[in-house]
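Participant: Sharing a structure, written as structure tokens. Questions coming.
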Amino acid sequence: RLISSGRQSVEKGQLPARLVANAEIHELEAERVFGRSWVFLAHESEVPEAGDYVVRYMGDDSVIVVRDESGSVRAMANSCRHRGTLLCRTEAGNTSHFRCPYHGWTYKNTGDLTGVPAQEEVYGASMDKAQWNLTPVPRLESYNGLVFGCLDDAAPTLVEYLGDMAWYIDLFTKRSAGGLEVRGEPQRWVIDANWKLGADNFVGDAYHTLMTHRSMAELGLVPPDPNFASAPAHISLSGGHGLGVLGAPPGYEMPPFMNYPEEMIEGLAASYGNQTHVDVLERTTFIHGTVFPNLSFLNVMISKDHMSVPVPMLTMRLWRPLSHDTMEVWSWFLIERDAPDDFKDLSYETYIRTFGVSGVFEQDDAETWRSITKATKGLLSGSQRLNFEMGLNVLGRDPDWKGPGRALSSGYAEQNQREFWGRWLELLEDADDESAVL
Ligand code: FES
Ligand code: FE
């Protein structure tokens with residue numbers, strides 16, 4: 001009942017606070033949301049060579065993502081078919097085989113079972129090992145180097161699932177012919193907060209910037225204007241995805257093309273393959289968004305202080321639920337593979353300083369999400385309705401917006417948040433839609 005009444009009320013701009021970090025909903029969410037959605041696993045550049053692997057998570061599943069000898073990327077459950085032991089204990093590496101630490105069953109990096117100790121004596125020479133291969137993630141697809149997995153055989157293709165979000169993913173993944181590469185390993189940290197608070201913030205919350213990050217404005221890292229981050233557009237897409245592609249604050253001059261190096265800008269039209277993406281990027285200062293359910297991205301130019309020119313950087317982050325009130329954040333830094341080396345260093349430093357684990361912006365955000373998780377737990381606080389009304393029946397569409405989706409005329413809006421929570425509730429409520437894993 002809480003789920004269905006929540007679904008009706010969120011459309012009108014109100015969310016029952018009890019839904020934010022709810023222990024009972026957590027398990028249902030693992031099945032109905034993470035069991036059916038396309039979940040981000042890795043960037044292809046993290047496993048460039050045959051045998052390279054990384055261990056990732058889909059809901060509660062540990063998953064091995066590996067490039068096999070034929071060059072294909074595969075993903076399979078990190079669990080031995082004999083007793084279910086966690087097979088791969090390292091987070092990344094290169095191997096041709098995985099050997100189970102319990103009884104030594106050995107699998108090729110394709111997932112095929114190749115070795116069973118004492119097989120002939122105890123299972124017989126004719127044991128059909130092909131029946132006992134590692135269990136593959138049933139659906140695995142990639143888009144511009146981003147690898148996603150899905151546990152639901154009946155799910156739409158990844159491109160169908162992304163819908164219009166694919167156009168915006170192109171905006172930050174197709175800036176150069178060489179594509180993106182991940183630098184270093186993803187940084188990870190645990191926050192005592194529900195995962196949806198990260199997704200909600202990135203899907204549409206430009207509004208928090210000047211209060212939460214006020215000290216950053218005072219330090220001169222961002223313009224000291226309450227309407228900073230209000231320049232359109234706030235873009236709603238179907239499927240719970242959403243983003244903001246923001247322009248310069250009213251009255252401020254900001255460098256075009258997010259201050260990417262000249263040589264990259266020259267090649268933009270060729271690598272995008274069209275002019276519309278170039279035109280949109282030219283006036284952009286800040287891109288933030290969420291691919292439903294838990295992958296967010298941020299592409300922004302930020303100064304070191306009030307004297308220096310802003311430098312752009314790109315991060316992707318995954319809000320991995322550990323429980324109803326704890327998440328593990330995974331944060332990747334990405335950069336165009338063929339960008340100049342000195343620019344790569346500057347951009348990486350900008351990321352470390354702002355949105356890495358010790359980043360000054362990141363610290364601000366984590367504290368508020370933690371406090372929301374704590375302050376909506378009580379009987380009284382949980383009984384409240386939270387206000388999600390921003391822009392409702394007030395903001396119109398931005399007539400000048402050139403990209404797909406419903407673009408609102410202010411960057412400060414909560415249409416995306418209403419749709420994110422609405423999609424989450426819709427999946428939770430839909431008991432008839434049978435997932436392959438239920
Ligand atoms: Fe893996 Fe026995 S549990 S070999
Ligand atoms: Fe923030």
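Starting from 1 in every chain, residues are counted up; chains themselves are A, B, ... following the order of the structure tokens, and ligands are numbered from 1 as listed.
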Please report, as a Markdown table, each residue of chain A lying at most 7 Å from ligand 1, together with the nearest pair of atoms and the separation in Å rounded to one decimal; use only C-alpha atoms and all ligand atoms, and order rows by chain and ascending residue number.
Facilitator:
```
| residue | atom | partner | partner_atom_place_in_ligand_line | distance |
| --- | --- | --- | --- | --- |
| A:Cys80 | CA | ligand 1 | 1 (Fe) | 4.7 |
| A:Arg81 | CA | ligand 1 | 1 (Fe) | 6.4 |
| A:His82 | CA | ligand 1 | 3 (S) | 4.5 |
| A:Arg83 | CA | ligand 1 | 3 (S) | 3.9 |
| A:Gly84 | CA | ligand 1 | 3 (S) | 5.5 |
| A:Thr85 | CA | ligand 1 | 3 (S) | 4.9 |
| A:Cys100 | CA | ligand 1 | 1 (Fe) | 4.6 |
| A:Pro101 | CA | ligand 1 | 1 (Fe) | 6.5 |
| A:Tyr102 | CA | ligand 1 | 2 (Fe) | 4.8 |
| A:His103 | CA | ligand 1 | 4 (S) | 3.7 |
| A:Gly104 | CA | ligand 1 | 4 (S) | 4.6 |
| A:Trp105 | CA | ligand 1 | 4 (S) | 4.2 |
```
Participant: Using DSSP on the backbone, list every residue of range 22-211 of chain A that comes out as strand (DSSP E or B), and give them as a ChimeraX atom specification.
Facilitator: /A:39-43,52-58,61-67,73-77,79,86,92-94,97-99,106-108,113-115,136,139-143,146-150,180-191,205
Participant: For the alpha helix (DSSP H) assignment from backbone DSSP, which residues of range 232-314 of chain A qualify? Please present them as a list in words.
Facilitator: Glu262, Glu263, Met264, Ile265, Glu266, Leu268, Ala269, Ala270, Ser271, Tyr272, Thr276, His277, Val278, Asp279, Val280, Leu281 and Glu282 of chain A
Participant: Under the rule of at most 6 Å, produce a per-residue listing of chain A near ligand 2: chain, number, name, the closest pair of atoms, and the distance in Å, as CSV, using only C-alpha atoms and all ligand atoms.
Facilitator:
```
residue,atom,partner,partner_atom_place_in_ligand_line,distance
A:Thr209,CA,ligand 2,1 (Fe),5.8
A:Phe361,CA,ligand 2,1 (Fe),5.9
A:Asp365,CA,ligand 2,1 (Fe),4.9
```
Participant: Which polymer residues have any atom within 10 Å of an atom of Ile235 in chain A, counting only C-alpha atoms, with same-chain residues fewer than 3 positions away left out, as a PyMOL selection string?
Facilitator: chain A and resi 165+203-204+232+241-246+289+397-398+401+403-411+413+415-416
Participant: Can you tell me how far CA of Arg99 in chain A sits from CA of Gly115 in chain A, in Å to one decimal?
Facilitator: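 A separation of 8.7 Å between them.
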Participant: As a CSV table (one decimal) with C-alpha atoms, in the first residue's frame, please: the residues near range 10-13 of chain A (cut-off 7 Å, only C-alpha atoms, same-chain neighbours under 2 positions excluded).
Facilitator:
```
chain,number,residue,atom,x,y,z
A,6,GLY,CA,3.7,6.6,-3.0
A,7,ARG,CA,3.4,6.2,-6.7
A,8,GLN,CA,0.3,8.3,-6.9
A,15,LEU,CA,7.0,11.5,-1.6
A,387,ASN,CA,8.2,18.2,-1.2
A,388,PHE,CA,9.1,17.2,-4.8
A,389,GLU,CA,7.0,20.0,-6.4
A,418,ARG,CA,9.6,12.8,-9.8
A,422,GLY,CA,8.0,7.1,-10.2
```
Participant: Skip range 30-35 of chain A itself and residues of its chain fewer than 3 positions away, then list as a PyMOL selection string all residues within 8 Å of it, counting only C-alpha atoms.
Facilitator: chain A and resi 26-27+38-39+58-60+150-152+293+424+427-428+435+437-438
Participant: Store the residues picked out above in a file with N, CA and C atoms, as an mmCIF file, in the first residue's frame.
Facilitator:
```cif
data_model
loop_
_atom_site.group_PDB
_atom_site.id
_atom_site.type_symbol
_atom_site.label_atom_id
_atom_site.label_comp_id
_atom_site.auth_asym_id
_atom_site.auth_seq_id
_atom_site.Cartn_x
_atom_site.Cartn_y
_atom_site.Cartn_z
ATOM 1 N N HIS A 26 13.989 -3.018 0.607
ATOM 2 C CA HIS A 26 15.319 -3.302 0.059
ATOM 3 C C HIS A 26 15.380 -4.628 -0.712
ATOM 4 N N GLU A 27 14.779 -5.697 -0.154
ATOM 5 C CA GLU A 27 14.863 -6.996 -0.842
ATOM 6 C C GLU A 27 14.013 -7.024 -2.104
ATOM 7 N N TRP A 38 19.043 -2.728 -16.775
ATOM 8 C CA TRP A 38 20.420 -2.824 -17.274
ATOM 9 C C TRP A 38 21.321 -2.109 -16.266
ATOM 10 N N VAL A 39 22.287 -2.852 -15.735
ATOM 11 C CA VAL A 39 23.157 -2.323 -14.676
ATOM 12 C C VAL A 39 24.570 -2.151 -15.240
ATOM 13 N N MET A 58 26.035 -6.758 -9.411
ATOM 14 C CA MET A 58 24.687 -6.458 -9.903
ATOM 15 C C MET A 58 23.758 -6.825 -8.757
ATOM 16 N N GLY A 59 23.177 -5.849 -8.083
ATOM 17 C CA GLY A 59 22.415 -6.161 -6.874
ATOM 18 C C GLY A 59 23.346 -6.850 -5.890
ATOM 19 N N ASP A 60 22.968 -8.040 -5.408
ATOM 20 C CA ASP A 60 23.821 -8.764 -4.459
ATOM 21 C C ASP A 60 24.794 -9.711 -5.156
ATOM 22 N N CYS A 150 22.277 -7.393 -17.732
ATOM 23 C CA CYS A 150 20.887 -7.416 -17.271
ATOM 24 C C CYS A 150 20.531 -8.861 -16.950
ATOM 25 N N LEU A 151 19.835 -9.065 -15.829
ATOM 26 C CA LEU A 151 19.487 -10.417 -15.389
ATOM 27 C C LEU A 151 18.160 -10.894 -15.971
ATOM 28 N N ASP A 152 17.476 -10.015 -16.683
ATOM 29 C CA ASP A 152 16.132 -10.328 -17.175
ATOM 30 C C ASP A 152 16.194 -10.675 -18.661
ATOM 31 N N PRO A 293 18.973 2.337 -13.094
ATOM 32 C CA PRO A 293 18.678 2.878 -11.772
ATOM 33 C C PRO A 293 19.853 3.613 -11.102
ATOM 34 N N TRP A 424 10.927 3.886 -10.221
ATOM 35 C CA TRP A 424 11.317 2.947 -9.161
ATOM 36 C C TRP A 424 10.070 2.326 -8.519
ATOM 37 N N LEU A 427 8.225 -0.146 -10.929
ATOM 38 C CA LEU A 427 8.842 -1.475 -10.968
ATOM 39 C C LEU A 427 8.549 -2.267 -9.695
ATOM 40 N N LEU A 428 8.572 -1.598 -8.545
ATOM 41 C CA LEU A 428 8.297 -2.278 -7.278
ATOM 42 C C LEU A 428 6.863 -2.783 -7.226
ATOM 43 N N SER A 435 10.178 -11.644 -13.690
ATOM 44 C CA SER A 435 11.586 -11.539 -14.042
ATOM 45 C C SER A 435 12.167 -12.941 -14.184
ATOM 46 N N VAL A 437 14.745 -14.025 -13.048
ATOM 47 C CA VAL A 437 15.464 -14.502 -11.859
ATOM 48 C C VAL A 437 14.554 -14.748 -10.662
ATOM 49 N N LEU A 438 13.268 -14.430 -10.792
ATOM 50 C CA LEU A 438 12.391 -14.597 -9.612
ATOM 51 C C LEU A 438 12.060 -16.073 -9.378
#
```
Participant: For Arg283 in chain A, which residue among A:Ile3, A:Met216, A:Val47, A:Met254 is the nearest when counting only C-alpha atoms?
Facilitator: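 Closest residue, counting only C-alpha atoms: A:Met254.
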